[in-house]
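Participant: Before I ask anything, here is the structure I am working with.
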Amino acid sequence: MPTSFLVLLLLSLTAFSFILGRRRSLAVSAGDIRKLNSLPGYYGYYVALWCGVPALLIFIFWHFFEGTVISQLVLFNLSEHTASQPEQQLNLVLNEIRNVVYGNIPATSVAPEITAAANHYRELQQISNMALTIVTIVLAMGCAMLARSRIHTEQRARNKVERVIMIFLVVCSSIAIVTTLGIVLSVLFEAIRFFQAVPVTNFIFGLEWSPQTAIRSDQVGSSGAFGAVPLFTGTLLVSAIAILVAAPTGLMTAIYLSEYATPGIRSLGKPLLEILAGIPTVVYGFFAALTVAPLIRGWGASLGLDVSSESALAAGVVMGIMIIPFVSSLSDDVINAVPQTLRDGAYALGATQSETIKKVIIPAALPGIIGGILLAVSRAIGETMIVVMAAGLAANLTANPLESVTTVTVQIVTLLVGDQEFDSPKTLAAFALGLVLFIVTLILNMVALYVVRKYREQYE
Amino acid sequence: MSIASRKHWSGQNILQLQKAPATEPVSGTLSAQSDQRTVGTVTVDDPRIRCTDVNVYYGSTHAVKNISLDIGRNEIVAMIGPSGCGKSTFLRCLNRMNDTIDNCSVTGNIELDGQDINDNSIDVVPLRARVGMVFQKPNPFPKSIYENIAFGPRIHGLARDKAELEEIVITSLQKAGLWKEIKDCLDQPGTSLSGGQQQRLCIARAIAINPEVILMDEPCSALDPIATAVIEDLMNELCTDYSIVIVTHSMQQAARVSHRTAYFHLGNLIEVAKTEQIFTHPIHQLTSDYITGRIG
Amino acid sequence: MSIASRKHWSGQNILQLQKAPATEPVSGTLSAQSDQRTVGTVTVDDPRIRCTDVNVYYGSTHAVKNISLDIGRNEIVAMIGPSGCGKSTFLRCLNRMNDTIDNCSVTGNIELDGQDINDNSIDVVPLRARVGMVFQKPNPFPKSIYENIAFGPRIHGLARDKAELEEIVITSLQKAGLWKEIKDCLDQPGTSLSGGQQQRLCIARAIAINPEVILMDEPCSALDPIATAVIEDLMNELCTDYSIVIVTHSMQQAARVSHRTAYFHLGNLIEVAKTEQIFTHPIHQLTSDYITGRIG
Amino acid sequence: MNKRMPARPKTIDRINQGLAKRHASEKLFHRMGLLSLLFGITCVAILFSSIISKGYTAFQQTFIQIEVHFDEQYFTVSGKDNDTEALSTADYGGMVKQSLRSQFPEAASRQEKRLLYDLVSIGATYQLRNMVMQDPALIGQTTPVWVPANDDVDMLIKGHMKREAPEAERRLRDQQIVWLDQLIAQEQLSLKLNTAFFTNGDSREPELAGIRGALMGSILTLMVTLLLSFPIGVATAVYLEEFAPKNKWTDFIEVNINNLAAVPSIVYGLLGLAVFINFIGFPRSAPLVGGLVLTLMTLPTIIIASRAALKSVPPSIREAALGIGASKMQTVFFHVLPLAFPGMLTGTIIGMAQALGETAPLLMIGMVAFIVDIPSGIFDPATVLPVQIFLWADSPERAFVERTSAAIMVLLGFLIIMNAIAVMLRKKFERRW
Amino acid sequence: QAVRDYISIVGSSTVYPFATVVAETFGKTTQFKTPKIESTGSGGGFKLFCDGIGVKYPDITDSSRAIKQSEIDMCATNGVTDIIEIKIGYDGIVIANSKETSPFGLSRKDLFLALAKQIPDPENSGELTPNPHKTWKEINDRLPNIAIEVLGPPPTSGTRDAFVELAMEAGCSRFDWIETLKKTDKKQYQSICHTIREDGAYIEAGENDNLIVQKLETNPHALGIFGFSFLEQNTDKVQGLAIDGILPEFEAIADNSYPVSRPLFLYVKKSHVGMIPGIQAFLNEFTSEKAWGEDGYLTDKGLIPMTAAERDHFTENARQLRANIFMDSE
Ligand SMILES: Nc1ncnc2c1ncn2[C@@H]1O[C@H](COP(=O)(O)OP(=O)(O)OP(=O)(O)O)[C@@H](O)[C@H]1O
Ligand SMILES: Nc1ncnc2c1ncn2[C@@H]1O[C@H](COP(=O)(O)OP(=O)(O)OP(=O)(O)O)[C@@H](O)[C@H]1O
Ligand SMILES: [Mg+2]
Ligand SMILES: [Mg+2]
Ligand SMILES: O=P([O-])([O-])[O-]
């Protein structure tokens, strides 16, 4: 039975057992649901969960191991000569066998031994398929029947179903933790290797960043060319410019949309701005480098300022435009959710609309607004392409927005996708940068949480 | 205070007030559509607020029907009537709070000191500063108690300095009878107070900006008798300078504090009269039914 | 109903109830810290709810202090007291609504039909279905009126089919005295009703699930006398089967409907007694001060 | 009671005094709001107009009509007539060249012939093959066929290459332009709808390059992302906001999630490479892996937005439901979630938009690749729209400039459709209380 | 577990445009599927390529430089021992400016003096001084009096490596004392010759050559460094500058007279040939005359072909699958 068909079958069995459970609960209560501990639907879910979940788990488990098991069996039957090849080579042989099985290459073009193995493979697959079908269906039906038979009026089906939902919720929340762990682990070891080559202090306090030259001249450590300070100041500068553009515009837009604009304008303006978040960053990069940067340079020249052709300002401004919707849409939602009674309270005291907004609504919506701004800041910190194209890659230690800077992420990307070398500090530096950035933003977020807590105003 | 002195408002059907004879009470049932003519003394000389033919619609619901009513200077007017009869709605017209409800439309003429408040050129900010309001459901800001009260004086620039502001806050809380209970926790959020405390907080907030007219929508509903007495005293004190309109369900309260009482029924203003009179000799059948507890 | 029959709750200081002699009234002032001993008949035989030494803290604020009180079967208990004295807080303990407030902690023993409701093994869902509640501030769902009422019966599976559900909705609305006004607009949002209508909607919503105990926090505060009478009738009717605890600021109402009355003051339960008795011969000085309007 | 309260006339006078200033600031505030909105919309408009003005020409393509003679001799090389092998391997390039030679016999030298052959796209060859494979009866006949012109010709016709420029500064020689003018005069050259752009996968020949592969890749990838990130994000937000005890641990989780939003997207690529490809063993370049990585990347956005939305539901709603004995789960699912839904959708819209435009993490998992075949499942190698844009933007051929913009237009169209659905849903659930 | 029926290629972004044309033609003219080609950069390509043998790992990697010893070692430890190296042609690196500015020729020494971080002190032989040059005229009187502003690839790119080695180093070694350093202190020599100034005169403009071309348009005084194919496509906008008197033209690069050009390579895992369908056929297509010959379609795309002899040599390698990675190829 084809996999998709089996899945469909299991799904319909699950749906059917929902009905079964519901029916059963009505039957044991003689049709009077008031006698039941929980609503009939919950008994339905209860049976459906018993039907679907174990079968699905087996199904996934099976698919996870099926390939390996069959492969091992097939390899076991290969001739001495073929089987004695190194394991990696066997992997290729298997691929060839599978290619024959799936008809990607004609059976005539390969050795007879492979053809035989392919036939064997096919047989095993059929057996496995058969077994899986039987096992899952029997399991699904068995569990469903068992669950159904256990339904009685006192059974707390709702609690059980809710517990399953709760488990689901907890598992989902733990994904964030697991992701964090994964990210830390995936950069930690390489970062440690980097720090074995370059002292941590040099990295964190060094003022010069020039990874390539350092390797070439083999001056690692002594020249301090792995000083991350210019990268972090660059990140700070560009993100600060971006947020200076995005936060006021975004917030004012949100206020305008939710408080002043007619519903028509609001329902048009908000999604329109949300498009800004989805334009690929390459496009922004071109926009920044070819439109905004020359513009700023021209203005600068007319004011007698010396503007670099790749300025942090151009990159920052364009990045700011990109993250406007993070602030505007999220803030609009939370501002809209502030209860009308609060507005009424302020209006009745003779407050103007802007006073009401500034002094009552914004404070009440502050946690959500800060959340939006933090998200925007995060996006700005994590953005790469715009800076690469518009601010360049030169690691200048400067606070002047008219000069070119580079950011941590840009360096991570260029180090990782450029011409990397095995185990050289240059490549490893990317991981160290990732780790340190992670820690820095973690600290920033803790501060932000503390501040938000302190100023939070909970309505009602 | 004569009916003839009333100026007519063009574009509306002309107001024809009749004093229904007490011996022949007006019919006790009202169709929802019919325009009821108000009996009693609708007008006063030199009113602070004069309403003529006010109608309020929520979408297609006609919540307030053709109501004309004057509020005099230094007068306390009580509005009574069964729940849902349009008291709050009418009250909210007087400082244009209905502007904030999307599907709510108000027609008719409402004048404050002779000035049409629904006029486009009218600035609602000083209007609402002059006509203060206490809402039916207490709605403290999610700020500290102090900030709740200081909000009004601060936006209007009523205090020259911190000390003055503090004084305004304290006096307002004292007047509302809340000071003693919360003087140690002025920095607690207003939302963490008990129901009655919140209500008094809102009263204090409203009087902190010294309005000339105060609209109070059931200000004592969540208050114990003692706190109620404090508020009633406050009203008596304030009415030497200001006008007060109060919605209440307690006839005793209406009797105790108000000079005139207006009885609303299904969106109509049935009867307005001096309070003594309305509670002793109601003219309209509906009024007397309500007062004696026969409607329900 | 003897004090000695009271079972003691370990870990708390032992309850020592004394009947204060009427001739020597207990001091009228109370330090916020002191534990007040309740006078009067705290216990009943075969109570529905038995509370022993209940304390509630909001963070560090001690809002309810060492209160013990029984609610009998088929009894209406009224709770009176000045605003902010902890009535609502205590009421909310009885169906564990205080669980939802973050910094609120409850200690002491509360039993419903002999079962400790604060026990970890207790499922709050059936508990709250058995102990219904009407909140002080009306809080309808932002859904249609029909859905507001139907929600409870639906989640508890009280109706076999649509028709039955509809019937429950209609009866509940009728009992709460709201049916006539809104029978044509059941699909309007509950939030667009007037204050008093919202309050009755919440009452209807609470009784729609047929609770055994009903906690009502000022259910009639926004209601006119007639609507109030409807609710009071409802209470009388309900108490033949159920227990009712009502918080009210109207002594008249307490006198009219309740069997026993409890007087709260600054978080303490000062006195509990048969309603006739408390309004005629209060034992505690504070009680009599309050009833005669001397505290404030 | 208190005589120091300012007297009445003083109060309203004071209020009136400050009024002008307050109204001015009100007006300013209102204006600032409007300006901000206009600024944002102007940015959208500028980006759109620059993209559209650069890209709209890509929806047309220059075609040249040639007279093709499907000579039998081409099909009998292998000795076996008309079998599929012979049909598919016949020298169609030769046929194209033959027909061009007969059209312009004056091209004699080797150099001139090369210039002549350069006028039509290599795609002409594949086109002829398809024609014959579908209808072998064509063999032996002569038919006129419209074939795509080479990208340089296309650029010249569309005006992106200046014909007045000196010969050395353009990619077409004078001779070629003469031939093209002849073709135009004989109405054998014209601009037609560029269907290949919508039906083909990637190609190194601009005139054959299409967006369909990348579009399919994007759809598959985003489907995986949406199906995972929305439920997981909402579930996480619900758990943290409604069920989790408020303590240090949940604070830590909150900070953590905020922090994940700031992790550079390429690091998610590293994670995906380590976990999904190297550890679990999913294939490289697969939409499944791309979707998983983007899921991890968008989760913080959705979670943060959803939490903000849940926070702004007034507690009285929860109390009301709990008070009539709804379980917490029922309260959340029946009352809180519907009210928080608009905010959750906002988070999803923005998160998905970001996922749709992301390139960097896909680099690590092999989705920045040249893939010609249209992916048909989440395990097939695929690329996505922003990657296609990125790759085309980096191509030397001039004709890819307009195609890049056209690809951006397709991406934006996709984005708008995706958002429109969400926005409609969001509007349905929005309300104020 | 996935079954792979297509060739997987990773590697240099410089070779990417050429490898993809071959792949596309191969896919369209044979029964095999079109190979999948990832642009990961040369180093990234080797990293993936050397990770092991099996379907999970790529079959071929492109590179814009020869494989390094460290990479060979890495391959060897992972069991990738037999590697076929095929040189496919050359890529010219051009220095260009906007058409609006008049062209000027540069010598490699000029380039070194303009772009090195430190240059030999003219007063003090044997000493270095931080590069003082602000305009081209300061370097050489023949050159125009405009500010030095060069847009080029970042240090992480192979093009930058090639530029540094072929242009800078050659210019650098015109100074005799530096030339001698080469033998005595190679590290010192490299650090002088390979270090590009970081004071803003050299602008790292990313790896997108189109972007550099377009930036030259908006900034007529700047020079840009990029691959030959981009010059070819943009002759109306930019012009290549002569290096040491030789203009970057097709023939000049092909006959090796243009000094700044570098070879491009394919590396093939021998053990995958025959197991993954089509590798041999793909190599045949790549090394066929119609692809990489002088009139082949790769030259259309900007690849500079090798001499016929070289082509024959590598065609032979490809046909014979001659593993030809030797341990001293660094
Ligand atoms: N959420 C809260 N957080 C902190 N303190 C609270 C909170 N709710 C109530 N309090 C305090 O607890 C005390 C008792 O409040 P409660 O609401 O029980 O009073 P009450 O007797 O119901 O008064 P009222 O008649 O005014 O409703 C009050 O002093 C109040 O300020
Ligand atoms: N926002 C609204 N949208 C639609 N209808 C409304 C709205 N507010 C009130 N109504 C309706 O208007 C009528 C009058 O309401 P109003 O609030 O003025 O009554 P009320 O006299 O204040 O009653 P109560 O004493 O119960 O507060 C009611 O029938 C109510 O249902
Ligand atoms: Mg009202
Ligand atoms: Mg209370
Ligand atoms: O991608 P490259 O290694 O050729 O720069």
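Identifiers in this document derive from the order of the structure tokens: chains are assigned A, B, ..., residues are numbered from 1 separately in each chain, and ligands are numbered from 1 in order of occurrence.
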Could you list, as a list in words, all protein and nucleic acid residues with an atom at most 10 Å from ligand 4, counting only C-alpha atoms and all ligand atoms?
Facilitator: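 Listed by chain and ascending number, the contacts are Leu193, Ser194, Gly195, Gly196, Gln197, Gln198, Ala222 and Leu223 of chain B; Gly81, Pro82, Ser83, Gly84, Cys85, Gly86, Lys87, Ser88, Thr89, Phe90, Leu91, Arg92, Phe135, Gln136, Lys137, Asp217, Glu218, Val247, Thr248 and His249 of chain C.
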Participant: If we count only C-alpha atoms, what is near D:Leu87 at a cut-off of 10 Å, once residues fewer than 5 positions away on the same chain are taken out, given as a list in words?
Facilitator: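 In the requested format, the answer is Tyr74, Phe75, Thr76, Asp81, Asn82, Tyr92, Arg129, Asn130, Val132, Met133, Gln134, Pro136 and Ile139 of chain D.
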Participant: Put those residues in a file: N, CA and C atoms, as an mmCIF file, in the first residue's frame.
Facilitator:
data_model
loop_
_atom_site.group_PDB
_atom_site.id
_atom_site.type_symbol
_atom_site.label_atom_id
_atom_site.label_comp_id
_atom_site.auth_asym_id
_atom_site.auth_seq_id
_atom_site.Cartn_x
_atom_site.Cartn_y
_atom_site.Cartn_z
ATOM 1 N N TYR D 74 18.497 14.016 -41.377
ATOM 2 C CA TYR D 74 18.905 14.218 -39.996
ATOM 3 C C TYR D 74 18.471 13.063 -39.093
ATOM 4 N N PHE D 75 17.444 12.349 -39.508
ATOM 5 C CA PHE D 75 16.854 11.360 -38.612
ATOM 6 C C PHE D 75 17.274 9.934 -38.903
ATOM 7 N N THR D 76 18.144 9.777 -39.868
ATOM 8 C CA THR D 76 18.482 8.406 -40.238
ATOM 9 C C THR D 76 19.929 8.079 -39.940
ATOM 10 N N ASP D 81 15.156 4.113 -38.545
ATOM 11 C CA ASP D 81 14.266 5.245 -38.774
ATOM 12 C C ASP D 81 13.354 5.508 -37.584
ATOM 13 N N ASN D 82 13.202 6.808 -37.283
ATOM 14 C CA ASN D 82 12.077 7.248 -36.470
ATOM 15 C C ASN D 82 11.917 6.650 -35.085
ATOM 16 N N TYR D 92 19.210 18.875 -34.264
ATOM 17 C CA TYR D 92 18.265 19.979 -34.450
ATOM 18 C C TYR D 92 19.006 21.300 -34.611
ATOM 19 N N ARG D 129 13.130 19.979 -31.225
ATOM 20 C CA ARG D 129 13.097 18.585 -30.798
ATOM 21 C C ARG D 129 11.725 18.243 -30.216
ATOM 22 N N ASN D 130 11.235 19.131 -29.375
ATOM 23 C CA ASN D 130 9.916 18.882 -28.790
ATOM 24 C C ASN D 130 8.853 18.748 -29.857
ATOM 25 N N VAL D 132 9.133 17.765 -32.951
ATOM 26 C CA VAL D 132 9.224 16.505 -33.696
ATOM 27 C C VAL D 132 8.825 15.327 -32.809
ATOM 28 N N MET D 133 9.269 15.357 -31.559
ATOM 29 C CA MET D 133 8.921 14.259 -30.672
ATOM 30 C C MET D 133 7.410 14.141 -30.528
ATOM 31 N N GLN D 134 6.757 15.285 -30.518
ATOM 32 C CA GLN D 134 5.306 15.234 -30.379
ATOM 33 C C GLN D 134 4.619 14.821 -31.675
ATOM 34 N N PRO D 136 5.940 13.291 -35.079
ATOM 35 C CA PRO D 136 6.979 12.825 -36.011
ATOM 36 C C PRO D 136 6.588 13.053 -37.461
ATOM 37 N N ILE D 139 8.492 15.299 -40.016
ATOM 38 C CA ILE D 139 9.733 14.981 -40.719
ATOM 39 C C ILE D 139 9.507 14.990 -42.208
#
Participant: With a cut-off of 9 Å, could you pull out the residues of chain C touching chain A and give me the nearest pair of atoms for each, distance in Å to one decimal, using only C-alpha atoms, ordered by chain and ascending number, as a tab-separated table?
Facilitator:
residue	atom	partner	partner_atom	distance
C:Arg154	CA	A:Leu39	CA	8.4
C:Ile155	CA	A:Leu39	CA	6.9
C:His156	CA	A:Leu39	CA	6.7
C:Gly157	CA	A:Leu39	CA	5.5
C:Leu158	CA	A:Arg34	CA	5.2
C:Ala159	CA	A:Arg34	CA	7.2
C:Arg160	CA	A:Ile33	CA	6.2
Participant: If you run DSSP on the backbone here, which positions in stretch 27-186 of chain B get strand (DSSP E or B)? Please write them as an NGL selection string.
Facilitator: :B and (39-40 or 47-58 or 61-72 or 76-80 or 104-112 or 115-116 or 131-134 or 144)
Participant: Could you pull out the residues sitting within 6 Å of ligand 5, using only C-alpha atoms and all ligand atoms, and write them as a PDB file with N, CA and C atoms, in the first residue's frame?
Facilitator:
ATOM      1  N   ASP A 419      36.091  32.022   0.553  1.00  0.00           N
ATOM      2  CA  ASP A 419      37.044  30.949   0.331  1.00  0.00           C
ATOM      3  C   ASP A 419      37.563  30.475   1.677  1.00  0.00           C
TER       4      ASP A 419
ATOM      5  N   SER E  12      33.161  26.952  -6.441  1.00  0.00           N
ATOM      6  CA  SER E  12      33.451  28.365  -6.702  1.00  0.00           C
ATOM      7  C   SER E  12      32.312  29.117  -7.374  1.00  0.00           C
ATOM      8  N   SER E  13      32.121  30.328  -6.917  1.00  0.00           N
ATOM      9  CA  SER E  13      31.132  31.176  -7.569  1.00  0.00           C
ATOM     10  C   SER E  13      31.657  31.684  -8.909  1.00  0.00           C
ATOM     11  N   THR E  14      32.959  31.642  -9.091  1.00  0.00           N
ATOM     12  CA  THR E  14      33.532  32.080 -10.367  1.00  0.00           C
ATOM     13  C   THR E  14      33.277  31.040 -11.455  1.00  0.00           C
ATOM     14  N   GLY E  41      31.497  28.894  -2.996  1.00  0.00           N
ATOM     15  CA  GLY E  41      32.869  29.393  -2.880  1.00  0.00           C
ATOM     16  C   GLY E  41      33.829  28.230  -2.946  1.00  0.00           C
ATOM     17  N   SER E  42      35.036  28.506  -3.430  1.00  0.00           N
ATOM     18  CA  SER E  42      35.979  27.399  -3.625  1.00  0.00           C
ATOM     19  C   SER E  42      36.242  26.655  -2.332  1.00  0.00           C
ATOM     20  N   SER E  64      38.270  28.096  -8.144  1.00  0.00           N
ATOM     21  CA  SER E  64      38.956  29.134  -8.895  1.00  0.00           C
ATOM     22  C   SER E  64      40.428  29.180  -8.497  1.00  0.00           C
ATOM     23  N   SER E 157      37.195  36.415  -0.873  1.00  0.00           N
ATOM     24  CA  SER E 157      36.860  35.913  -2.207  1.00  0.00           C
ATOM     25  C   SER E 157      38.102  35.432  -2.944  1.00  0.00           C
ATOM     26  N   GLY E 158      37.891  34.462  -3.780  1.00  0.00           N
ATOM     27  CA  GLY E 158      38.988  33.923  -4.565  1.00  0.00           C
ATOM     28  C   GLY E 158      39.538  34.944  -5.548  1.00  0.00           C
ATOM     29  N   THR E 159      38.656  35.796  -6.059  1.00  0.00           N
ATOM     30  CA  THR E 159      39.097  36.820  -6.989  1.00  0.00           C
ATOM     31  C   THR E 159      40.113  37.743  -6.321  1.00  0.00           C
TER      32      THR E 159
END
Participant: Excluding same-chain residues fewer than 3 positions from stretch 113-115 of chain D, what lies within 12 Å of it counting only C-alpha atoms, as an MDAnalysis selection string?
Facilitator: (chainID D and resid 97:110 118:120 150 152:153 171:180) or (chainID E and resid 295:297 300)
Participant: Residues of chain B that have any atom at most 12 Å from an atom of ligand 1: could you tabulate them with the shortest-distance atom pair and the distance in Å to one decimal, using only C-alpha atoms and all ligand atoms, ordered by chain and increasing number, as a Markdown table?
Facilitator:
| residue | atom | partner | partner_atom_place_in_ligand_line | distance |
| --- | --- | --- | --- | --- |
| B:Pro138 | CA | ligand 1 | 26 (O) | 11.0 |
| B:Pro142 | CA | ligand 1 | 1 (N) | 11.9 |
| B:Ser144 | CA | ligand 1 | 4 (C) | 11.9 |
| B:Ile145 | CA | ligand 1 | 31 (O) | 10.8 |
| B:Leu178 | CA | ligand 1 | 26 (O) | 10.6 |
| B:Lys180 | CA | ligand 1 | 29 (O) | 11.4 |
| B:Glu181 | CA | ligand 1 | 29 (O) | 7.6 |
| B:Ile182 | CA | ligand 1 | 31 (O) | 7.8 |
| B:Lys183 | CA | ligand 1 | 31 (O) | 11.4 |
| B:Asp184 | CA | ligand 1 | 31 (O) | 11.2 |
| B:Cys185 | CA | ligand 1 | 31 (O) | 9.1 |
| B:Leu186 | CA | ligand 1 | 31 (O) | 11.0 |
| B:Asp187 | CA | ligand 1 | 4 (C) | 11.8 |
| B:Gln188 | CA | ligand 1 | 4 (C) | 8.1 |
| B:Pro189 | CA | ligand 1 | 4 (C) | 8.2 |
| B:Gly190 | CA | ligand 1 | 31 (O) | 8.7 |
| B:Thr191 | CA | ligand 1 | 1 (N) | 7.1 |
| B:Ser192 | CA | ligand 1 | 2 (C) | 3.9 |
| B:Leu193 | CA | ligand 1 | 31 (O) | 3.8 |
| B:Ser194 | CA | ligand 1 | 17 (O) | 3.5 |
| B:Gly195 | CA | ligand 1 | 27 (O) | 3.8 |
| B:Gly196 | CA | ligand 1 | 26 (O) | 3.1 |
| B:Gln197 | CA | ligand 1 | 26 (O) | 5.0 |
| B:Gln198 | CA | ligand 1 | 26 (O) | 7.3 |
| B:Gln199 | CA | ligand 1 | 26 (O) | 8.0 |
| B:Arg200 | CA | ligand 1 | 26 (O) | 9.0 |
| B:Leu201 | CA | ligand 1 | 26 (O) | 10.8 |
| B:Cys220 | CA | ligand 1 | 26 (O) | 10.4 |
| B:Ser221 | CA | ligand 1 | 25 (O) | 9.7 |
| B:Ala222 | CA | ligand 1 | 25 (O) | 6.1 |
| B:Leu223 | CA | ligand 1 | 25 (O) | 6.2 |
| B:Asp224 | CA | ligand 1 | 25 (O) | 6.8 |
| B:Pro225 | CA | ligand 1 | 25 (O) | 10.6 |
| B:Ile226 | CA | ligand 1 | 25 (O) | 11.4 |
| B:Ala227 | CA | ligand 1 | 26 (O) | 9.6 |
| B:Thr228 | CA | ligand 1 | 25 (O) | 11.4 |
Participant: So how far away is atom CA of A:Arg343 from atom CA of B:Tyr146, in Å?
Facilitator: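 Distance between the two atoms: 18.4 Å.
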Participant: Residues of chain D no more than 7 Å from chain B, counting only C-alpha atoms: send them over as a tab-separated table (two decimals) with N, CA and C atoms, in the first residue's frame.
Facilitator:
chain	number	residue	atom	x	y	z
D	8	ARG	N	-13.25	78.91	40.15
D	8	ARG	CA	-13.68	78.35	38.89
D	8	ARG	C	-13.23	79.11	37.66
D	11	THR	N	-9.87	78.34	36.60
D	11	THR	CA	-9.60	77.03	36.01
D	11	THR	C	-9.80	77.05	34.51
D	14	ARG	N	-7.33	79.14	32.73
D	14	ARG	CA	-6.03	78.46	32.60
D	14	ARG	C	-6.08	77.43	31.48
D	15	ILE	N	-7.16	76.70	31.46
D	15	ILE	CA	-7.28	75.67	30.42
D	15	ILE	C	-7.22	76.33	29.06
D	16	ASN	N	-7.99	77.43	28.92
D	16	ASN	CA	-8.02	78.09	27.62
D	16	ASN	C	-6.66	78.64	27.23
D	18	GLY	N	-3.73	77.41	27.82
D	18	GLY	CA	-2.84	76.39	27.26
D	18	GLY	C	-3.37	75.75	25.99
